[in-house]
>>> print(open('final29.cif').read())   # mmCIF, C-alpha atoms
data_coords
loop_
_atom_site.label_atom_id
_atom_site.label_comp_id
_atom_site.auth_asym_id
_atom_site.auth_seq_id
_atom_site.Cartn_x
_atom_site.Cartn_y
_atom_site.Cartn_z
CA MET E 1 93.20 167.21 -79.33
CA LYS E 2 89.99 168.10 -81.15
CA ARG E 3 86.97 165.87 -81.49
CA ALA E 4 83.92 166.15 -83.67
CA LEU E 5 80.74 167.30 -82.00
CA ILE E 6 77.59 165.96 -83.64
CA LEU E 7 74.72 167.00 -81.40
CA THR E 8 71.92 168.11 -83.66
CA THR E 9 68.49 168.55 -82.13
CA ILE E 10 68.18 165.71 -79.64
CA LEU E 11 64.45 165.19 -79.79
CA VAL E 12 64.25 165.28 -83.59
CA ALA E 13 67.09 162.76 -83.79
CA SER E 14 65.26 160.61 -81.26
CA THR E 15 62.20 160.56 -83.48
CA THR E 16 64.21 159.46 -86.48
CA PHE E 17 65.88 156.66 -84.56
CA ALA E 18 62.58 155.36 -83.24
CA GLN E 19 61.05 155.33 -86.70
CA GLU E 20 64.01 153.48 -88.18
CA ALA E 21 63.89 150.88 -85.43
CA ASN E 22 60.20 150.11 -86.00
CA PRO E 23 58.67 151.90 -89.02
CA THR E 24 55.18 150.50 -88.49
CA GLN E 25 54.87 151.30 -84.80
CA GLN E 26 52.77 154.33 -83.89
CA ALA E 27 53.74 156.28 -80.78
CA GLU E 28 51.31 155.74 -77.92
CA LYS E 29 49.39 158.73 -76.59
CA THR E 30 49.15 159.71 -72.97
CA SER E 31 45.87 160.63 -71.30
CA ASP E 32 46.34 164.29 -72.23
CA GLY E 33 47.01 163.47 -75.88
CA SER E 34 50.76 164.17 -75.86
CA THR E 35 53.38 161.74 -77.13
CA PRO E 36 55.61 160.13 -74.46
CA LEU E 37 59.37 160.34 -74.70
CA TYR E 38 59.88 156.74 -73.67
CA ARG E 39 58.17 153.57 -72.58
CA VAL E 40 59.50 151.13 -70.00
CA ASN E 41 59.83 147.45 -70.77
CA VAL E 42 61.09 144.52 -68.71
CA VAL E 43 63.91 142.70 -70.48
CA ALA E 44 65.78 139.66 -69.19
CA ARG E 45 69.55 139.40 -69.58
CA THR E 46 71.93 136.73 -68.42
CA THR E 47 75.43 137.55 -67.23
CA LYS E 48 77.91 136.42 -64.59
CA ALA E 49 78.02 137.92 -61.11
CA VAL E 50 80.88 137.55 -58.66
CA ASN E 51 80.77 137.44 -54.88
CA TYR E 52 83.88 139.44 -54.00
CA GLY E 53 83.68 138.56 -50.32
CA HIS E 54 84.16 140.81 -47.31
CA ARG E 55 87.59 142.45 -47.12
CA ALA E 56 88.91 139.82 -49.53
CA LEU E 57 91.96 139.95 -51.80
CA LYS E 58 92.20 142.54 -54.54
CA THR E 59 91.31 140.94 -57.86
CA LYS E 60 90.87 141.73 -61.54
CA ILE E 61 87.99 141.22 -63.97
CA ASP E 62 87.78 141.89 -67.71
CA PHE E 63 85.18 143.61 -69.87
CA ALA E 64 84.19 142.48 -73.37
CA GLY E 65 82.06 144.26 -75.92
CA THR E 66 78.63 142.91 -76.79
CA LEU E 67 77.29 142.63 -80.34
CA LEU E 68 76.68 146.38 -80.20
CA ALA E 69 80.37 147.17 -79.60
CA ARG E 70 82.42 144.20 -80.76
CA ASP E 71 85.81 145.94 -80.51
CA ALA E 72 85.28 147.42 -77.05
CA LYS E 73 87.32 145.96 -74.21
CA GLY E 74 88.48 146.79 -70.73
CA ASP E 75 89.31 145.59 -67.27
CA ALA E 76 88.77 146.54 -63.65
CA TRP E 77 90.51 146.04 -60.33
CA ILE E 78 88.04 145.10 -57.61
CA GLU E 79 88.94 145.46 -53.93
CA SER E 80 86.60 144.71 -51.06
CA LYS E 81 87.23 147.04 -48.14
CA ARG E 82 85.40 147.78 -44.95
CA GLY E 83 81.99 149.15 -45.87
CA ALA E 84 82.47 149.22 -49.65
CA VAL E 85 83.83 147.45 -52.70
CA GLU E 86 86.10 149.67 -54.79
CA VAL E 87 86.05 149.44 -58.59
CA LYS E 88 88.80 150.95 -60.76
CA ALA E 89 87.89 150.36 -64.39
CA LYS E 90 89.44 151.22 -67.75
CA PHE E 91 87.76 150.94 -71.14
CA LYS E 92 89.06 151.03 -74.71
CA LYS E 93 87.48 151.40 -78.15
CA LEU E 94 84.09 152.55 -76.91
CA PRO E 95 82.37 154.17 -79.92
CA PRO E 96 80.68 157.55 -79.37
CA PRO E 97 77.35 156.88 -77.62
CA GLN E 98 75.49 158.79 -80.39
CA HIS E 99 76.38 155.79 -82.58
CA TYR E 100 73.31 154.10 -81.10
CA GLY E 101 71.00 157.08 -81.61
CA ARG E 102 71.56 160.75 -80.94
CA GLN E 103 69.44 160.60 -77.82
CA TYR E 104 72.32 158.68 -76.21
CA LEU E 105 74.92 161.11 -74.87
CA THR E 106 77.02 159.15 -72.39
CA TYR E 107 77.92 155.75 -70.92
CA VAL E 108 77.11 154.50 -67.43
CA LEU E 109 78.66 151.63 -65.46
CA TRP E 110 76.13 149.48 -63.54
CA ALA E 111 76.39 146.90 -60.80
CA VAL E 112 73.60 144.32 -61.13
CA THR E 113 72.77 142.00 -58.23
CA PRO E 114 71.68 138.36 -58.70
CA ASP E 115 68.12 139.51 -58.04
CA GLY E 116 68.32 142.07 -60.83
CA ARG E 117 68.68 145.30 -58.85
CA ALA E 118 70.78 147.70 -60.88
CA THR E 119 72.89 150.44 -59.25
CA ASN E 120 74.36 153.35 -61.19
CA LEU E 121 78.11 153.40 -60.40
CA GLY E 122 78.94 156.47 -62.44
CA GLU E 123 79.45 158.05 -65.84
CA ILE E 124 82.14 156.99 -68.30
CA LEU E 125 83.33 159.91 -70.42
CA THR E 126 85.43 158.86 -73.39
CA ASN E 127 88.25 160.92 -74.87
CA SER E 128 89.11 161.56 -78.51
CA SER E 129 90.70 158.08 -78.68
CA ASP E 130 87.43 156.44 -77.52
CA ASN E 131 88.98 155.41 -74.21
CA GLY E 132 87.61 156.04 -70.73
CA LYS E 133 88.10 155.22 -67.08
CA LEU E 134 86.15 155.33 -63.85
CA GLU E 135 87.00 154.92 -60.19
CA THR E 136 83.97 154.23 -58.03
CA ALA E 137 82.64 152.11 -55.16
CA THR E 138 79.51 150.18 -54.21
CA GLU E 139 78.04 148.80 -50.99
CA LEU E 140 77.11 145.62 -52.87
CA GLN E 141 79.18 142.48 -52.41
CA THR E 142 77.83 140.21 -55.15
CA PHE E 143 77.25 141.81 -58.55
CA ALA E 144 77.81 141.79 -62.28
CA LEU E 145 79.15 144.83 -64.13
CA ILE E 146 77.67 146.14 -67.38
CA VAL E 147 78.09 149.33 -69.42
CA THR E 148 75.14 150.97 -71.19
CA ALA E 149 74.61 153.98 -73.42
CA GLU E 150 72.28 156.49 -71.75
CA PRO E 151 70.54 159.83 -72.47
CA TYR E 152 72.09 161.34 -69.31
CA TYR E 153 74.37 160.29 -66.48
CA ALA E 154 71.88 160.38 -63.58
CA VAL E 155 69.53 157.66 -64.87
CA THR E 156 68.25 155.28 -62.19
CA GLN E 157 67.62 152.30 -64.45
CA PRO E 158 69.73 151.02 -67.36
CA SER E 159 68.82 151.21 -71.02
CA ASP E 160 69.00 148.01 -73.02
CA VAL E 161 71.84 149.41 -75.11
CA VAL E 162 74.29 147.17 -73.25
CA VAL E 163 77.67 147.66 -74.93
CA MET E 164 79.96 145.85 -72.46
CA GLU E 165 79.68 143.10 -69.85
CA ASN E 166 82.14 141.78 -67.30
CA VAL E 167 84.11 138.62 -68.15
CA VAL E 168 85.49 136.46 -65.36
CA ARG E 169 89.23 135.81 -65.70
CA PRO E 170 90.88 132.52 -64.72
CA ASP E 171 92.62 134.36 -61.88
CA THR E 172 89.57 136.35 -60.68
CA VAL E 173 89.20 135.87 -56.92
CA GLY E 174 85.64 135.22 -55.77
CA SER E 175 82.76 132.81 -56.22
CA VAL E 176 81.08 133.09 -59.62
CA GLN E 177 77.42 132.55 -60.40
CA THR E 178 75.37 132.96 -63.56
CA VAL E 179 72.64 135.53 -63.08
CA ASP E 180 69.32 135.66 -64.88
CA ALA E 181 68.98 139.35 -64.13
CA LYS E 182 65.54 140.78 -64.87
CA TYR E 183 65.35 144.52 -64.48
CA GLU E 184 63.53 147.48 -65.99
CA LEU E 185 65.09 148.87 -69.13
CA LEU E 186 64.41 151.81 -71.40
CA LYS E 187 63.76 149.95 -74.63
CA ARG E 188 66.24 150.78 -77.37
CA GLY E 189 64.72 152.90 -80.11
CA GLU E 190 61.62 153.81 -78.15
CA TYR E 191 62.54 157.37 -77.29
CA THR E 192 59.89 159.20 -79.27
CA PHE E 193 59.32 162.79 -80.22
CA ASP E 194 57.39 164.92 -77.75
CA LEU E 195 55.28 166.98 -80.15
CA ASP E 196 54.33 169.45 -77.41
CA ALA E 197 57.99 170.31 -76.84
CA ALA E 198 58.83 170.79 -80.51
CA ASN E 199 58.57 174.55 -80.42
CA ALA E 200 60.73 174.78 -77.31
CA ARG E 201 63.58 172.57 -78.51
CA THR E 202 67.13 173.85 -78.58
CA GLU E 203 69.36 173.50 -81.59
CA ALA E 204 72.86 172.15 -80.95
CA PRO E 205 75.92 173.15 -82.91
CA GLY E 206 76.49 170.33 -85.36
CA GLY E 207 79.57 168.98 -87.04
CA ARG E 208 82.20 171.37 -85.68
CA SER E 209 85.36 170.27 -83.91
CA VAL E 210 85.86 171.25 -80.29
CA SER E 211 88.41 170.54 -77.58
CA GLN E 212 87.85 167.71 -75.11
CA LYS E 213 86.98 170.17 -72.32
CA GLU E 214 84.44 172.04 -74.42
CA TYR E 215 83.01 168.73 -75.61
CA GLU E 216 82.45 167.64 -72.00
CA SER E 217 80.71 170.93 -71.19
CA LEU E 218 78.35 170.66 -74.15
CA VAL E 219 77.56 167.00 -73.55
CA GLU E 220 76.68 167.70 -69.92
CA ILE E 221 74.40 170.57 -70.96
CA TYR E 222 72.59 168.36 -73.44
CA GLN E 223 72.26 165.62 -70.86
CA ALA E 224 70.50 168.17 -68.66
CA ILE E 225 68.17 169.08 -71.54
CA ASN E 226 67.34 165.39 -72.03
CA ALA E 227 66.70 164.88 -68.32
CA ILE E 228 64.40 167.91 -68.08
CA GLN E 229 62.40 166.88 -71.13
CA LEU E 230 62.00 163.33 -69.84
CA ALA E 231 60.86 164.70 -66.47
CA GLN E 232 58.32 166.94 -68.19
CA ALA E 233 57.01 163.99 -70.19
CA LYS E 234 56.45 162.15 -66.91
CA GLY E 235 54.33 164.98 -65.51
CA ALA E 236 56.94 166.76 -63.40
CA ALA E 237 55.44 170.17 -64.19
CA GLU E 238 52.29 169.10 -62.35
CA HIS E 239 53.65 166.77 -59.68
CA ALA E 240 57.13 168.19 -58.98
CA GLY E 241 56.96 171.78 -60.18
CA ASP E 242 59.43 173.24 -57.68
CA THR E 243 62.04 170.58 -58.35
CA LEU E 244 61.63 170.90 -62.11
CA ALA E 245 61.94 174.69 -61.84
CA ARG E 246 65.25 174.29 -59.95
CA ALA E 247 66.52 171.99 -62.68
CA LYS E 248 65.63 174.53 -65.37
CA SER E 249 67.27 177.31 -63.38
CA LYS E 250 70.50 175.34 -63.04
CA LEU E 251 70.44 174.55 -66.75
CA GLU E 252 70.16 178.26 -67.56
CA GLU E 253 73.08 178.97 -65.20
CA ALA E 254 75.08 176.25 -66.97
CA ARG E 255 74.37 177.81 -70.35
CA GLN E 256 75.52 181.19 -69.08
CA ALA E 257 78.67 179.66 -67.60
CA TYR E 258 79.40 177.94 -70.90
CA ALA E 259 78.93 181.18 -72.82
CA ALA E 260 81.40 182.89 -70.48
CA ASP E 261 83.95 180.06 -70.50
CA PRO E 262 83.29 177.09 -72.85
CA LYS E 263 86.24 175.15 -71.44
CA GLY E 264 85.57 175.89 -67.76
CA ARG E 265 84.38 173.38 -65.19
CA GLN E 266 81.59 175.61 -63.85
CA ALA E 267 79.31 174.77 -66.78
CA VAL E 268 79.86 171.04 -66.20
CA THR E 269 79.14 171.33 -62.47
CA LEU E 270 75.92 173.31 -62.99
CA ALA E 271 74.73 171.09 -65.84
CA ARG E 272 75.26 167.92 -63.81
CA GLU E 273 73.31 169.45 -60.94
CA ALA E 274 70.49 170.29 -63.37
CA THR E 275 70.49 166.70 -64.63
CA GLN E 276 70.37 165.21 -61.15
CA THR E 277 67.59 167.58 -60.08
CA ALA E 278 65.58 166.77 -63.20
CA GLU E 279 65.88 163.05 -62.51
CA ASP E 280 64.64 163.70 -58.98
CA ALA E 281 61.67 165.55 -60.46
CA ARG E 282 60.94 162.65 -62.80
CA LEU E 283 61.00 160.13 -59.95
CA ILE E 284 58.78 162.33 -57.74
CA ALA E 285 56.29 162.72 -60.59
CA GLU E 286 56.37 159.01 -61.28
CA ARG E 287 55.62 158.13 -57.67
CA LYS E 288 52.83 160.72 -57.33
CA SER E 289 51.18 159.74 -60.60
CA GLU E 290 51.13 156.12 -59.51
#
>>> encode(input="final29.cif", output="structure tokens")
Amino acid sequence: MKRALILTTILVASTTFAQEANPTQQAEKTSDGSTPLYRVNVVARTTKAVNYGHRALKTKIDFAGTLLARDAKGDAWIESKRGAVEVKAKFKKLPPPQHYGRQYLTYVLWAVTPDGRATNLGEILTNSSDNGKLETATELQTFALIVTAEPYYAVTQPSDVVVMENVVRPDTVGSVQTVDAKYELLKRGEYTFDLDAANARTEAPGGRSVSQKEYESLVEIYQAINAIQLAQAKGAAEHAGDTLARAKSKLEEARQAYAADPKGRQAVTLAREATQTAEDARLIAERKSE
């Protein structure tokens, strides 16, 4: 099965999206005069959390699409075991994440506590039929589940492109509570063009059809590019140079692996490592700059 790959230059596409979202808004400048890739805002959302209990009965919960993905749906089996709560989720009719802006390359499932702490439970990769699944676990006992579109899988806080939220079924086992969850979000449409990185950007192949395996390899590589550029915008070159250098090295290895075998898993493994390392660099830089 082939699927269309539309991954033009990520940063240029990000600029366009930001301008369309707010034509009159000028990008803020950092102290060194460069343009930031994103700004962080605090946004409040209300959803329902469930206390699944300790080693309680296996139960089921549904997912419904938000206004951003009206046709999306899904469900998940939740089972509380010793030391962890297992989540086995399936999703249908999730539109390609680039639908919300080409800076968005993947979906992530989050567990959100009643106090608003969000935990990344893993990446949801959709197939050519726009379906996906994820088996994961969390140490949390009381949480809500949401799905967001993200620039890369290793993000540590959700964007506000919330496309799905959990829906409590009549037969869901557990105590239910409405949560006014306030947590940090990357504001939709506020990824902006880093002018300093313009000359170093990488062009993506646009519009051609590729197999599902090759699509996954390319998406993971572009997630790594996003993560590295976001880390650089946060000052990782100055505050986490060694970590950022490792991320760049792994990205180059991933590119070489892709060139040797576009459908192989080695490129995916290396690209995901580059993404994770770049996110570490961003967090280190963020802490040191503060």
>>> resolve_selection(input="final29.cif", expression="the PyMOL selection byres ((chain E and resi 234-248) around 8)", output="PDB file with C-alpha atoms, in the coordinates of the input")
ATOM      1  CA  PRO E  36      55.610 160.130 -74.460  1.00  0.00           C
ATOM      2  CA  ILE E 228      64.400 167.910 -68.080  1.00  0.00           C
ATOM      3  CA  LEU E 230      62.000 163.330 -69.840  1.00  0.00           C
ATOM      4  CA  ALA E 231      60.860 164.700 -66.470  1.00  0.00           C
ATOM      5  CA  GLN E 232      58.320 166.940 -68.190  1.00  0.00           C
ATOM      6  CA  ALA E 233      57.010 163.990 -70.190  1.00  0.00           C
ATOM      7  CA  SER E 249      67.270 177.310 -63.380  1.00  0.00           C
ATOM      8  CA  LYS E 250      70.500 175.340 -63.040  1.00  0.00           C
ATOM      9  CA  LEU E 251      70.440 174.550 -66.750  1.00  0.00           C
ATOM     10  CA  GLU E 252      70.160 178.260 -67.560  1.00  0.00           C
ATOM     11  CA  GLU E 273      73.310 169.450 -60.940  1.00  0.00           C
ATOM     12  CA  ALA E 274      70.490 170.290 -63.370  1.00  0.00           C
ATOM     13  CA  THR E 275      70.490 166.700 -64.630  1.00  0.00           C
ATOM     14  CA  GLN E 276      70.370 165.210 -61.150  1.00  0.00           C
ATOM     15  CA  THR E 277      67.590 167.580 -60.080  1.00  0.00           C
ATOM     16  CA  ALA E 278      65.580 166.770 -63.200  1.00  0.00           C
ATOM     17  CA  ASP E 280      64.640 163.700 -58.980  1.00  0.00           C
ATOM     18  CA  ALA E 281      61.670 165.550 -60.460  1.00  0.00           C
ATOM     19  CA  ARG E 282      60.940 162.650 -62.800  1.00  0.00           C
ATOM     20  CA  ILE E 284      58.780 162.330 -57.740  1.00  0.00           C
ATOM     21  CA  ALA E 285      56.290 162.720 -60.590  1.00  0.00           C
ATOM     22  CA  GLU E 286      56.370 159.010 -61.280  1.00  0.00           C
ATOM     23  CA  LYS E 288      52.830 160.720 -57.330  1.00  0.00           C
ATOM     24  CA  SER E 289      51.180 159.740 -60.600  1.00  0.00           C
TER      25      SER E 289
END
>>> residues_around(input="final29.cif", residues="Ile146 (chain E)", least_positions_apart="4", cutoff="7 Å", atoms="all atoms listed in the file", output="PyMOL selection string")
chain E and resi 109-111+162+164-166
>>> resolve_selection(input="final29.cif", expression="the PyMOL selection byres ((chain E and resi 213) around 12)", output="list in words")
Met1, Lys2, Arg3, Leu5, Leu125, Thr126, Asn127, Ser128, Ser209, Val210, Ser211, Gln212, Glu214, Tyr215, Glu216, Ser217, Leu218, Val219, Glu220, Tyr258, Asp261, Pro262, Lys263, Gly264, Arg265, Gln266, Ala267 and Val268 of chain E
>>> closest_residue(input="final29.cif", among="E:Gly65, E:Arg117, E:Asn131, E:Glu139", to="Arg82 (chain E)", atoms="all atoms listed in the file")
E:Glu139
>>> closest_residue(input="final29.cif", among="E:Asp130, E:Glu150, E:Glu86, E:Glu135", to="Lys73 (chain E)", atoms="only C-alpha atoms")
E:Asp130
>>> closest_residue(input="final29.cif", among="E:Val173, E:Ala64, E:Ala227, E:Ala149", to="Val50 (chain E)", atoms="all atoms listed in the file")
E:Val173
>>> residues_around(input="final29.cif", residues="Tyr107 (chain E)", least_positions_apart="5", cutoff="10 Å", atoms="only C-alpha atoms", output="NGL selection string")
:E and (94 or 96-97 or 122-126 or 132 or 147-153 or 161-163)
>>> atom_distance(input="final29.cif", atom1="CA of Phe63 (chain E)", atom2="CA of Ala144 (chain E)")
10.7 Å
>>> atom_distance(input="final29.cif", atom1="CA of Ala154 (chain E)", atom2="CA of Asn120 (chain E)")
7.8 Å
>>> resolve_selection(input="final29.cif", expression="the PyMOL selection byres ((chain E and resi 143) around 10)", output="JSON, numbers by chain")
{"E": [47, 48, 49, 50, 51, 52, 110, 111, 112, 113, 114, 115, 116, 117, 118, 119, 138, 140, 141, 142, 144, 145, 146, 176, 177, 179]}
